[in-house]
>>> print(open('work-v6.csv').read())   # CSV, C-alpha atoms
chain,number,residue,atom,x,y,z
I,1103,MET,CA,6.0,7.3,-15.1
I,1104,LYS,CA,9.0,7.4,-17.4
I,1105,MET,CA,7.3,9.9,-19.6
I,1106,LEU,CA,6.6,12.2,-16.6
I,1107,LYS,CA,10.3,12.1,-15.5
I,1108,LEU,CA,11.4,12.9,-19.1
I,1109,PHE,CA,8.9,15.9,-19.2
I,1110,HIS,CA,10.3,17.3,-16.0
I,1111,PHE,CA,13.9,16.9,-17.3
I,1112,LEU,CA,13.1,18.8,-20.5
I,1113,LEU,CA,11.3,21.5,-18.6
I,1114,PHE,CA,14.4,21.9,-16.3
I,1115,VAL,CA,16.8,22.0,-19.3
I,1116,THR,CA,14.6,24.7,-21.0
I,1117,SER,CA,14.4,26.9,-18.0
I,1118,LEU,CA,18.1,26.5,-17.3
I,1119,LYS,CA,18.9,27.5,-20.9
I,1120,ALA,CA,16.7,30.6,-20.7
I,1121,HIS,CA,18.4,31.6,-17.5
I,1122,ILE,CA,21.9,31.3,-19.0
I,1123,THR,CA,20.9,33.3,-22.0
I,1124,THR,CA,19.6,36.1,-19.8
I,1125,ASP,CA,22.8,36.1,-17.7
I,1126,ASN,CA,24.9,36.3,-20.8
I,1127,GLY,CA,23.2,39.4,-22.0
I,1128,LYS,CA,23.8,41.0,-18.7
I,1129,CYS,CA,27.4,40.2,-18.9
I,1130,GLU,CA,27.6,41.6,-22.4
I,1131,GLU,CA,26.0,44.9,-21.2
I,1132,THR,CA,28.4,45.3,-18.3
I,1133,THR,CA,31.7,44.4,-20.0
I,1134,SER,CA,32.4,48.1,-20.5
I,1135,THR,CA,32.5,48.7,-16.8
I,1136,CYS,CA,33.5,45.5,-15.3
I,1137,ALA,CA,37.1,44.3,-15.6
I,1138,VAL,CA,36.3,40.6,-15.4
I,1139,ILE,CA,32.9,39.0,-14.6
I,1140,SER,CA,32.5,35.3,-14.6
I,1141,CYS,CA,29.2,34.2,-16.1
I,1142,THR,CA,28.4,31.0,-14.5
I,1143,PRO,CA,25.2,29.4,-13.2
I,1144,HIS,CA,24.0,30.8,-9.9
I,1145,SER,CA,24.5,27.5,-8.4
I,1146,HIS,CA,28.3,28.1,-8.3
I,1147,SER,CA,30.2,30.8,-6.3
I,1148,GLY,CA,32.1,33.3,-8.5
I,1149,LEU,CA,35.7,34.6,-8.1
I,1150,PRO,CA,36.2,37.8,-6.0
I,1151,GLY,CA,36.2,41.0,-8.1
I,1152,ARG,CA,39.1,43.5,-8.4
I,1153,ASP,CA,39.5,46.6,-6.2
I,1154,GLY,CA,37.6,49.6,-7.4
I,1155,ARG,CA,39.2,52.7,-8.8
I,1156,ASP,CA,40.2,55.7,-6.6
I,1157,GLY,CA,37.6,58.4,-6.4
I,1158,LYS,CA,38.1,62.0,-7.6
I,1159,GLU,CA,40.3,64.3,-5.5
I,1160,GLY,CA,38.2,66.2,-3.0
I,1161,LEU,CA,38.3,70.0,-2.3
I,1162,LYS,CA,41.3,71.6,-0.6
I,1163,GLY,CA,40.8,72.0,3.1
I,1164,GLU,CA,41.3,75.3,5.0
I,1165,LYS,CA,44.8,76.3,6.1
I,1166,GLY,CA,45.6,75.2,9.6
I,1167,GLU,CA,47.2,77.3,12.3
I,1168,ARG,CA,51.0,77.6,12.4
I,1169,GLY,CA,52.7,75.1,14.6
I,1170,GLN,CA,55.2,75.9,17.4
I,1171,GLN,CA,58.8,76.5,16.3
I,1172,GLY,CA,60.9,73.4,16.6
I,1173,SER,CA,64.3,73.1,18.2
I,1174,ARG,CA,67.3,74.3,16.2
I,1175,GLY,CA,69.0,71.6,14.4
I,1176,ASN,CA,72.7,70.9,14.2
I,1177,GLN,CA,74.7,73.2,11.8
I,1178,GLY,CA,75.0,71.6,8.4
I,1179,PRO,CA,78.3,71.1,6.6
I,1180,PRO,CA,79.7,74.2,4.7
I,1181,GLY,CA,78.4,74.7,1.2
I,1182,LYS,CA,80.4,74.7,-1.9
I,1183,LEU,CA,82.7,77.6,-2.6
I,1184,GLY,CA,80.9,80.2,-4.6
I,1185,PRO,CA,82.0,81.7,-7.8
I,1186,PRO,CA,84.8,84.4,-7.7
I,1187,GLY,CA,83.6,88.0,-7.4
I,1188,VAL,CA,83.7,90.4,-10.3
I,1189,LYS,CA,86.8,92.5,-10.5
I,1190,GLY,CA,86.0,96.2,-9.8
I,1191,ASP,CA,86.9,99.0,-12.1
I,1192,LYS,CA,90.3,100.6,-11.7
I,1193,GLY,CA,90.2,103.8,-9.7
I,1194,THR,CA,91.3,107.2,-10.9
I,1195,ILE,CA,94.9,108.2,-10.4
I,1196,GLY,CA,95.5,110.4,-7.4
I,1197,GLN,CA,97.4,113.7,-7.2
I,1198,LYS,CA,101.1,113.4,-7.3
I,1199,GLY,CA,102.7,113.9,-3.8
I,1200,ASP,CA,105.5,116.2,-2.9
I,1201,GLN,CA,109.0,114.9,-3.6
I,1202,GLY,CA,110.5,113.3,-0.5
I,1203,ILE,CA,113.9,114.0,0.9
I,1204,SER,CA,116.4,111.2,0.5
I,1205,ALA,CA,118.5,110.0,3.4
I,1206,THR,CA,121.6,111.4,1.8
I,1207,SER,CA,120.0,114.8,1.6
I,1208,GLU,CA,119.1,114.7,5.3
I,1209,VAL,CA,122.7,113.8,6.3
I,1210,ASP,CA,124.0,116.6,4.2
I,1211,THR,CA,121.6,119.0,5.9
I,1212,VAL,CA,122.7,117.9,9.3
I,1213,LYS,CA,126.4,118.3,8.3
I,1214,GLU,CA,125.7,121.9,7.1
I,1215,HIS,CA,124.0,122.7,10.4
I,1216,LEU,CA,127.0,121.3,12.3
I,1217,LYS,CA,129.4,123.4,10.3
I,1218,VAL,CA,127.3,126.5,11.1
I,1219,PHE,CA,127.2,125.6,14.8
I,1220,GLU,CA,131.0,125.0,14.8
I,1221,ARG,CA,131.7,128.4,13.3
I,1222,GLU,CA,129.4,130.1,15.8
I,1223,LEU,CA,131.1,128.2,18.6
I,1224,GLN,CA,134.5,129.3,17.4
I,1225,ILE,CA,133.3,133.0,17.3
I,1226,LEU,CA,132.0,132.7,20.9
I,1227,GLN,CA,135.2,131.1,22.1
I,1228,ALA,CA,137.2,133.9,20.4
I,1229,SER,CA,135.1,136.5,22.1
I,1230,LEU,CA,135.5,134.8,25.5
I,1231,ASN,CA,139.2,134.7,25.1
I,1232,LYS,CA,139.2,138.4,24.2
I,1233,TYR,CA,137.2,139.3,27.2
I,1234,ASN,CA,139.4,137.2,29.5
I,1235,LYS,CA,142.4,139.1,28.2
I,1236,ILE,CA,140.7,142.4,28.9
I,1237,LEU,CA,139.9,141.3,32.4
I,1238,LEU,CA,143.4,140.1,33.0
I,1239,PHE,CA,144.7,143.4,31.6
I,1240,HIS,CA,142.7,145.3,34.2
I,1241,GLY,CA,144.0,143.3,37.1
I,1242,GLY,CA,142.1,140.1,36.8
I,1243,LYS,CA,143.7,136.8,37.8
I,1244,GLN,CA,143.2,133.4,36.1
I,1245,SER,CA,143.3,130.0,37.7
I,1246,GLY,CA,142.3,127.0,35.6
I,1247,ASP,CA,139.0,127.8,33.9
I,1248,LYS,CA,138.2,130.6,36.3
I,1249,VAL,CA,139.0,134.3,36.0
I,1250,PHE,CA,138.9,136.4,39.2
I,1251,VAL,CA,138.3,140.2,38.9
I,1252,THR,CA,137.2,143.1,41.1
I,1253,ASN,CA,135.4,146.3,40.5
I,1254,GLY,CA,137.4,148.0,43.3
I,1255,LEU,CA,134.2,148.7,45.4
I,1256,GLU,CA,133.4,147.6,48.9
I,1257,GLU,CA,129.9,146.3,49.7
I,1258,SER,CA,128.0,144.1,52.1
I,1259,PHE,CA,127.7,140.4,51.5
I,1260,GLU,CA,124.2,140.7,50.1
I,1261,ASN,CA,125.1,143.5,47.7
I,1262,ALA,CA,128.4,142.0,46.7
I,1263,GLN,CA,126.6,138.8,45.7
I,1264,LYS,CA,124.0,140.8,43.7
I,1265,THR,CA,126.7,142.7,41.9
I,1266,CYS,CA,128.4,139.5,40.7
I,1267,LYS,CA,125.1,137.9,39.7
I,1268,GLU,CA,124.1,140.9,37.6
I,1269,SER,CA,127.5,140.7,35.8
I,1270,GLY,CA,127.0,137.1,34.9
I,1271,GLY,CA,129.4,135.7,37.6
I,1272,ASN,CA,129.5,134.7,41.3
I,1273,LEU,CA,131.2,135.8,44.4
I,1274,ALA,CA,134.8,134.4,44.5
I,1275,THR,CA,134.6,130.8,45.7
I,1276,PRO,CA,138.0,129.2,45.9
I,1277,LYS,CA,137.8,125.4,45.7
I,1278,ASN,CA,141.5,124.7,45.8
I,1279,ALA,CA,144.8,126.4,46.8
I,1280,ALA,CA,145.5,127.8,43.3
I,1281,GLU,CA,142.1,129.6,43.1
I,1282,ASN,CA,142.6,130.9,46.6
I,1283,SER,CA,146.0,132.3,45.6
I,1284,ALA,CA,144.4,134.1,42.6
I,1285,ALA,CA,142.0,135.9,44.9
I,1286,GLN,CA,144.8,136.7,47.3
I,1287,GLU,CA,146.9,138.3,44.4
I,1288,ILE,CA,144.0,140.7,43.6
I,1289,LEU,CA,144.0,141.8,47.3
I,1290,HIS,CA,147.7,142.6,47.0
I,1291,THR,CA,146.9,145.0,44.2
I,1292,LYS,CA,144.6,147.0,46.5
I,1293,GLY,CA,147.2,147.4,49.3
I,1294,GLU,CA,147.8,145.9,52.7
I,1295,ALA,CA,145.0,144.8,55.0
I,1296,SER,CA,142.6,144.4,52.0
I,1297,LYS,CA,139.9,141.8,52.6
I,1298,ALA,CA,137.1,140.4,50.3
I,1299,PHE,CA,133.9,138.4,50.8
I,1300,LEU,CA,133.9,134.8,49.6
I,1301,GLY,CA,130.8,133.0,48.3
I,1302,ILE,CA,130.5,130.9,51.5
I,1303,SER,CA,128.3,131.2,54.6
I,1304,ASP,CA,126.5,129.3,57.3
I,1305,LEU,CA,123.3,131.3,57.1
I,1306,GLN,CA,121.2,128.2,56.5
I,1307,VAL,CA,122.5,126.0,59.3
I,1308,GLU,CA,124.7,127.5,62.0
I,1309,GLY,CA,128.2,126.0,62.0
I,1310,ILE,CA,127.8,124.3,58.7
I,1311,PHE,CA,129.4,126.5,55.9
I,1312,LYS,CA,128.2,125.9,52.4
I,1313,TYR,CA,128.7,127.4,48.9
I,1314,LEU,CA,126.0,129.7,47.6
I,1315,SER,CA,124.7,126.7,45.6
I,1316,GLY,CA,123.9,124.9,48.9
I,1317,GLU,CA,126.7,122.3,48.7
I,1318,LYS,CA,129.0,121.8,51.6
I,1319,ILE,CA,132.5,123.3,51.1
I,1320,THR,CA,135.3,121.0,50.0
I,1321,PHE,CA,138.3,123.3,50.5
I,1322,THR,CA,139.1,125.6,53.5
I,1323,ASN,CA,142.0,127.8,54.6
I,1324,TRP,CA,140.8,129.1,58.0
I,1325,ASN,CA,143.0,131.2,60.3
I,1326,LEU,CA,144.0,129.5,63.5
I,1327,GLY,CA,140.9,129.3,65.8
I,1328,GLU,CA,138.5,130.1,63.1
I,1329,PRO,CA,135.6,130.0,62.5
I,1330,ASN,CA,134.6,131.0,66.0
I,1331,ASN,CA,131.2,132.8,65.4
I,1332,SER,CA,132.2,135.6,67.7
I,1333,LYS,CA,129.2,137.1,69.5
I,1334,ASP,CA,126.9,134.6,67.6
I,1335,ASN,CA,126.9,137.0,64.6
I,1336,GLU,CA,129.5,135.8,62.2
I,1337,ASP,CA,127.8,133.9,59.4
I,1338,CYS,CA,129.8,135.1,56.3
I,1339,VAL,CA,133.5,134.5,55.3
I,1340,GLU,CA,136.3,136.8,54.2
I,1341,VAL,CA,139.6,136.1,52.6
I,1342,GLN,CA,142.5,138.2,53.9
I,1343,ASP,CA,145.6,139.5,52.1
I,1344,ASN,CA,147.6,136.5,53.6
I,1345,GLY,CA,145.1,134.1,51.9
I,1346,LYS,CA,143.6,133.0,55.3
I,1347,TRP,CA,139.9,132.9,56.0
I,1348,ASN,CA,137.8,134.3,58.8
I,1349,ASP,CA,134.1,134.3,59.7
I,1350,ILE,CA,132.6,137.8,60.0
I,1351,PRO,CA,129.2,139.5,60.2
I,1352,CYS,CA,127.5,139.7,56.8
I,1353,ASN,CA,126.7,143.4,57.0
I,1354,LEU,CA,130.4,144.5,57.1
I,1355,LEU,CA,131.8,146.1,53.9
I,1356,ARG,CA,134.4,144.1,52.0
I,1357,LEU,CA,136.0,144.3,48.5
I,1358,VAL,CA,133.9,142.7,45.8
I,1359,ILE,CA,135.8,139.9,43.9
I,1360,CYS,CA,133.8,138.0,41.3
I,1361,GLU,CA,134.6,134.8,39.5
I,1362,PHE,CA,133.8,134.0,35.9
I,1363,GLN,CA,134.1,130.7,34.0
>>> encode(input="work-v6.csv", output="structure tokens")
Amino acid sequence: MKMLKLFHFLLFVTSLKAHITTDNGKCEETTSTCAVISCTPHSHSGLPGRDGRDGKEGLKGEKGERGQQGSRGNQGPPGKLGPPGVKGDKGTIGQKGDQGISATSEVDTVKEHLKVFERELQILQASLNKYNKILLFHGGKQSGDKVFVTNGLEESFENAQKTCKESGGNLATPKNAAENSAAQEILHTKGEASKAFLGISDLQVEGIFKYLSGEKITFTNWNLGEPNNSKDNEDCVEVQDNGKWNDIPCNLLRLVICEFQ
């Protein structure tokens, strides 16, 4: 009985040795691919193996459709200041302009013009004085800046006014006692009962006598009871040799006395 047990034990040891040898060969063959393999009897559980290696990268997939545009993000901070620009080439020199006039030259020019104007004004003034003297020599009368003169003709109010205008003057229009006396003196040179038209009428508005300029009269020297607009036909004014005024019809003939100033 003891011999049988010993035989069975030897047989078991022999088979176990063979199995271990076989497993060791397998381990040796797989050491090139396995990181760590524990070669132990099958009767014991081994340690868990390491993770396997990643596989090869697969083929690139097809391009997908473009997604919808996202909402606009907040504006980012300003970037760094860029490098300075390159200086451009110098341009060509332009044509020289005309020489300007200095302020001193302009003042001198104005002064020269004023001198010329003053000389012309002096000539005109001398000519005016000369003509005034000629008018006075031929019976004209002066009062202030006015010179009163007659051509010795008698005309209607309308024609007398036209004659004076064409000569560069106006019908005698005394605006103070001195001017009225100057017109009276001319009448004295023509004899008694001489009368002359004045540049005054109420043709525009009955009863309101005005100068030919349209202004109301500021000086009068009416005869007693005048103006009376006799027969509703007296719209013009005459000065008599006594210096008094009277309203008369405009179509009568009276001496033409013009005034110049």
>>> atom_distance(input="work-v6.csv", atom1="atom CA of I:Asn1331", atom2="atom CA of I:Asp1304")
10.0 Å
>>> atom_distance(input="work-v6.csv", atom1="atom CA of I:Gly1309", atom2="atom CA of I:Thr1322")
13.8 Å
>>> residues_near_point(input="work-v6.csv", point="(129.2, 140.5, 39.4)", cutoff="9 Å", atoms="only C-alpha atoms", output="list in words")
Thr1252, Asn1253, Ala1262, Gln1263, Lys1264, Thr1265, Cys1266, Lys1267, Glu1268, Ser1269, Gly1270, Gly1271, Asn1272, Leu1273, Val1358, Ile1359, Cys1360, Glu1361 and Phe1362 of chain I
>>> atom_distance(input="work-v6.csv", atom1="atom CA of I:Pro1329", atom2="atom CA of I:Asp1349")
5.3 Å
>>> residues_around(input="work-v6.csv", residues="I:Ser1315", least_positions_apart="2", cutoff="10 Å", atoms="all atoms listed in the file", output="PyMOL selection string")
chain I and resi 1301-1302+1312-1313+1317-1318
>>> closest_residue(input="work-v6.csv", among="I:Lys1192, I:Lys1162, I:Lys1248, I:Lys1217", to="I:Gln1363", atoms="all atoms listed in the file")
I:Lys1248
>>> closest_residue(input="work-v6.csv", among="I:Asn1261, I:Asp1247, I:Asn1176, I:Gly1254", to="I:Glu1281", atoms="all atoms listed in the file")
I:Asp1247
>>> closest_residue(input="work-v6.csv", among="I:Gly1166, I:Gly1246, I:Pro1179, I:Gly1293", to="I:Gln1342", atoms="all atoms listed in the file")
I:Gly1293
>>> closest_residue(input="work-v6.csv", among="I:Glu1256, I:Val1307, I:Leu1230, I:Asn1323", to="I:Ala1280", atoms="only C-alpha atoms")
I:Asn1323
>>> residues_around(input="work-v6.csv", residues="I:Ile1288", least_positions_apart="5", cutoff="9 Å", atoms="all atoms listed in the file", output="list of chain:residue names")
I:Gly1241, I:Gly1242, I:Lys1243, I:Phe1250, I:Val1251, I:Thr1252, I:Ser1283, I:Asp1343, I:Ile1359
>>> decode(input="work-v6.csv", residues="stretch 1305-1350 of chain I", atoms="N, CA and C atoms", output="PDB file, in the first residue's frame")
ATOM      1  N   LEU I1305     -50.342 169.407 -56.784  1.00  0.00           N
ATOM      2  CA  LEU I1305     -50.903 168.566 -57.838  1.00  0.00           C
ATOM      3  C   LEU I1305     -51.196 167.151 -57.332  1.00  0.00           C
ATOM      4  N   GLN I1306     -50.419 166.674 -56.388  1.00  0.00           N
ATOM      5  CA  GLN I1306     -50.625 165.310 -55.880  1.00  0.00           C
ATOM      6  C   GLN I1306     -51.838 165.247 -54.947  1.00  0.00           C
ATOM      7  N   VAL I1307     -51.864 166.108 -53.956  1.00  0.00           N
ATOM      8  CA  VAL I1307     -52.993 166.153 -53.013  1.00  0.00           C
ATOM      9  C   VAL I1307     -53.449 167.595 -52.868  1.00  0.00           C
ATOM     10  N   GLU I1308     -54.706 167.869 -53.181  1.00  0.00           N
ATOM     11  CA  GLU I1308     -55.230 169.219 -53.136  1.00  0.00           C
ATOM     12  C   GLU I1308     -55.095 169.808 -51.729  1.00  0.00           C
ATOM     13  N   GLY I1309     -54.512 171.012 -51.689  1.00  0.00           N
ATOM     14  CA  GLY I1309     -54.375 171.741 -50.443  1.00  0.00           C
ATOM     15  C   GLY I1309     -53.088 171.421 -49.693  1.00  0.00           C
ATOM     16  N   ILE I1310     -52.352 170.419 -50.136  1.00  0.00           N
ATOM     17  CA  ILE I1310     -51.087 170.081 -49.483  1.00  0.00           C
ATOM     18  C   ILE I1310     -49.951 170.368 -50.473  1.00  0.00           C
ATOM     19  N   PHE I1311     -49.286 171.499 -50.276  1.00  0.00           N
ATOM     20  CA  PHE I1311     -48.208 171.896 -51.194  1.00  0.00           C
ATOM     21  C   PHE I1311     -46.898 171.195 -50.809  1.00  0.00           C
ATOM     22  N   LYS I1312     -46.247 170.699 -51.845  1.00  0.00           N
ATOM     23  CA  LYS I1312     -44.996 169.946 -51.655  1.00  0.00           C
ATOM     24  C   LYS I1312     -43.946 170.414 -52.654  1.00  0.00           C
ATOM     25  N   TYR I1313     -42.666 170.123 -52.306  1.00  0.00           N
ATOM     26  CA  TYR I1313     -41.582 170.361 -53.261  1.00  0.00           C
ATOM     27  C   TYR I1313     -41.688 169.325 -54.386  1.00  0.00           C
ATOM     28  N   LEU I1314     -40.966 169.560 -55.454  1.00  0.00           N
ATOM     29  CA  LEU I1314     -41.002 168.623 -56.581  1.00  0.00           C
ATOM     30  C   LEU I1314     -40.459 167.250 -56.183  1.00  0.00           C
ATOM     31  N   SER I1315     -39.679 167.176 -55.101  1.00  0.00           N
ATOM     32  CA  SER I1315     -39.158 165.903 -54.605  1.00  0.00           C
ATOM     33  C   SER I1315     -40.224 165.093 -53.881  1.00  0.00           C
ATOM     34  N   GLY I1316     -41.385 165.701 -53.582  1.00  0.00           N
ATOM     35  CA  GLY I1316     -42.462 165.022 -52.882  1.00  0.00           C
ATOM     36  C   GLY I1316     -42.501 165.334 -51.401  1.00  0.00           C
ATOM     37  N   GLU I1317     -41.551 166.101 -50.896  1.00  0.00           N
ATOM     38  CA  GLU I1317     -41.525 166.446 -49.473  1.00  0.00           C
ATOM     39  C   GLU I1317     -42.416 167.662 -49.200  1.00  0.00           C
ATOM     40  N   LYS I1318     -42.998 167.701 -48.008  1.00  0.00           N
ATOM     41  CA  LYS I1318     -43.821 168.853 -47.641  1.00  0.00           C
ATOM     42  C   LYS I1318     -42.924 170.076 -47.477  1.00  0.00           C
ATOM     43  N   ILE I1319     -43.476 171.250 -47.830  1.00  0.00           N
ATOM     44  CA  ILE I1319     -42.684 172.483 -47.768  1.00  0.00           C
ATOM     45  C   ILE I1319     -42.418 172.864 -46.308  1.00  0.00           C
ATOM     46  N   THR I1320     -41.245 173.438 -46.079  1.00  0.00           N
ATOM     47  CA  THR I1320     -40.836 173.825 -44.718  1.00  0.00           C
ATOM     48  C   THR I1320     -40.751 175.341 -44.546  1.00  0.00           C
ATOM     49  N   PHE I1321     -40.874 176.069 -45.663  1.00  0.00           N
ATOM     50  CA  PHE I1321     -40.824 177.545 -45.599  1.00  0.00           C
ATOM     51  C   PHE I1321     -41.893 178.089 -46.537  1.00  0.00           C
ATOM     52  N   THR I1322     -42.624 179.118 -46.107  1.00  0.00           N
ATOM     53  CA  THR I1322     -43.639 179.749 -46.949  1.00  0.00           C
ATOM     54  C   THR I1322     -43.562 181.269 -46.793  1.00  0.00           C
ATOM     55  N   ASN I1323     -44.100 181.969 -47.799  1.00  0.00           N
ATOM     56  CA  ASN I1323     -44.183 183.438 -47.751  1.00  0.00           C
ATOM     57  C   ASN I1323     -45.418 183.891 -48.533  1.00  0.00           C
ATOM     58  N   TRP I1324     -46.572 183.312 -48.136  1.00  0.00           N
ATOM     59  CA  TRP I1324     -47.812 183.556 -48.872  1.00  0.00           C
ATOM     60  C   TRP I1324     -48.299 184.999 -48.695  1.00  0.00           C
ATOM     61  N   ASN I1325     -48.968 185.482 -49.778  1.00  0.00           N
ATOM     62  CA  ASN I1325     -49.716 186.742 -49.678  1.00  0.00           C
ATOM     63  C   ASN I1325     -50.886 186.532 -48.723  1.00  0.00           C
ATOM     64  N   LEU I1326     -51.447 187.631 -48.242  1.00  0.00           N
ATOM     65  CA  LEU I1326     -52.581 187.543 -47.340  1.00  0.00           C
ATOM     66  C   LEU I1326     -53.752 186.864 -48.048  1.00  0.00           C
ATOM     67  N   GLY I1327     -54.322 185.845 -47.435  1.00  0.00           N
ATOM     68  CA  GLY I1327     -55.476 185.139 -48.009  1.00  0.00           C
ATOM     69  C   GLY I1327     -55.086 184.040 -48.979  1.00  0.00           C
ATOM     70  N   GLU I1328     -53.817 183.819 -49.170  1.00  0.00           N
ATOM     71  CA  GLU I1328     -53.363 182.775 -50.091  1.00  0.00           C
ATOM     72  C   GLU I1328     -52.775 181.591 -49.290  1.00  0.00           C
ATOM     73  N   PRO I1329     -52.815 180.430 -49.880  1.00  0.00           N
ATOM     74  CA  PRO I1329     -53.401 180.032 -51.187  1.00  0.00           C
ATOM     75  C   PRO I1329     -54.915 179.856 -51.053  1.00  0.00           C
ATOM     76  N   ASN I1330     -55.654 180.249 -52.077  1.00  0.00           N
ATOM     77  CA  ASN I1330     -57.111 180.178 -52.009  1.00  0.00           C
ATOM     78  C   ASN I1330     -57.710 179.250 -53.057  1.00  0.00           C
ATOM     79  N   ASN I1331     -56.894 178.715 -53.946  1.00  0.00           N
ATOM     80  CA  ASN I1331     -57.348 177.768 -54.982  1.00  0.00           C
ATOM     81  C   ASN I1331     -58.556 178.330 -55.725  1.00  0.00           C
ATOM     82  N   SER I1332     -58.431 179.555 -56.219  1.00  0.00           N
ATOM     83  CA  SER I1332     -59.527 180.233 -56.928  1.00  0.00           C
ATOM     84  C   SER I1332     -60.007 179.379 -58.093  1.00  0.00           C
ATOM     85  N   LYS I1333     -61.318 179.219 -58.159  1.00  0.00           N
ATOM     86  CA  LYS I1333     -61.973 178.456 -59.222  1.00  0.00           C
ATOM     87  C   LYS I1333     -61.479 176.986 -59.256  1.00  0.00           C
ATOM     88  N   ASP I1334     -60.975 176.506 -58.136  1.00  0.00           N
ATOM     89  CA  ASP I1334     -60.496 175.107 -58.032  1.00  0.00           C
ATOM     90  C   ASP I1334     -59.500 174.754 -59.129  1.00  0.00           C
ATOM     91  N   ASN I1335     -58.672 175.728 -59.507  1.00  0.00           N
ATOM     92  CA  ASN I1335     -57.760 175.482 -60.627  1.00  0.00           C
ATOM     93  C   ASN I1335     -56.371 176.055 -60.350  1.00  0.00           C
ATOM     94  N   GLU I1336     -56.041 176.310 -59.111  1.00  0.00           N
ATOM     95  CA  GLU I1336     -54.740 176.907 -58.806  1.00  0.00           C
ATOM     96  C   GLU I1336     -53.884 175.902 -58.012  1.00  0.00           C
ATOM     97  N   ASP I1337     -53.079 175.171 -58.770  1.00  0.00           N
ATOM     98  CA  ASP I1337     -52.258 174.114 -58.168  1.00  0.00           C
ATOM     99  C   ASP I1337     -50.764 174.435 -58.171  1.00  0.00           C
ATOM    100  N   CYS I1338     -50.344 175.517 -58.830  1.00  0.00           N
ATOM    101  CA  CYS I1338     -48.929 175.886 -58.877  1.00  0.00           C
ATOM    102  C   CYS I1338     -48.706 177.186 -58.102  1.00  0.00           C
ATOM    103  N   VAL I1339     -47.421 177.532 -57.889  1.00  0.00           N
ATOM    104  CA  VAL I1339     -47.081 178.681 -57.050  1.00  0.00           C
ATOM    105  C   VAL I1339     -46.147 179.620 -57.814  1.00  0.00           C
ATOM    106  N   GLU I1340     -46.405 180.928 -57.660  1.00  0.00           N
ATOM    107  CA  GLU I1340     -45.531 181.949 -58.240  1.00  0.00           C
ATOM    108  C   GLU I1340     -44.973 182.831 -57.127  1.00  0.00           C
ATOM    109  N   VAL I1341     -43.759 183.389 -57.375  1.00  0.00           N
ATOM    110  CA  VAL I1341     -43.189 184.381 -56.483  1.00  0.00           C
ATOM    111  C   VAL I1341     -43.278 185.729 -57.216  1.00  0.00           C
ATOM    112  N   GLN I1342     -43.768 186.756 -56.510  1.00  0.00           N
ATOM    113  CA  GLN I1342     -43.944 188.077 -57.124  1.00  0.00           C
ATOM    114  C   GLN I1342     -42.735 188.966 -56.828  1.00  0.00           C
ATOM    115  N   ASP I1343     -42.691 190.143 -57.475  1.00  0.00           N
ATOM    116  CA  ASP I1343     -41.525 191.021 -57.307  1.00  0.00           C
ATOM    117  C   ASP I1343     -41.407 191.564 -55.883  1.00  0.00           C
ATOM    118  N   ASN I1344     -42.479 191.439 -55.068  1.00  0.00           N
ATOM    119  CA  ASN I1344     -42.405 191.848 -53.660  1.00  0.00           C
ATOM    120  C   ASN I1344     -41.971 190.672 -52.755  1.00  0.00           C
ATOM    121  N   GLY I1345     -41.706 189.529 -53.378  1.00  0.00           N
ATOM    122  CA  GLY I1345     -41.252 188.358 -52.636  1.00  0.00           C
ATOM    123  C   GLY I1345     -42.363 187.487 -52.087  1.00  0.00           C
ATOM    124  N   LYS I1346     -43.635 187.916 -52.291  1.00  0.00           N
ATOM    125  CA  LYS I1346     -44.754 187.150 -51.758  1.00  0.00           C
ATOM    126  C   LYS I1346     -45.165 186.024 -52.726  1.00  0.00           C
ATOM    127  N   TRP I1347     -45.844 185.020 -52.180  1.00  0.00           N
ATOM    128  CA  TRP I1347     -46.249 183.853 -52.970  1.00  0.00           C
ATOM    129  C   TRP I1347     -47.757 183.902 -53.226  1.00  0.00           C
ATOM    130  N   ASN I1348     -48.133 183.215 -54.360  1.00  0.00           N
ATOM    131  CA  ASN I1348     -49.548 183.157 -54.713  1.00  0.00           C
ATOM    132  C   ASN I1348     -49.770 181.860 -55.499  1.00  0.00           C
ATOM    133  N   ASP I1349     -50.903 181.158 -55.221  1.00  0.00           N
ATOM    134  CA  ASP I1349     -51.194 179.962 -56.022  1.00  0.00           C
ATOM    135  C   ASP I1349     -51.905 180.379 -57.296  1.00  0.00           C
ATOM    136  N   ILE I1350     -51.508 179.742 -58.438  1.00  0.00           N
ATOM    137  CA  ILE I1350     -52.032 180.127 -59.763  1.00  0.00           C
ATOM    138  C   ILE I1350     -52.204 178.862 -60.599  1.00  0.00           C
TER     139      ILE I1350
END
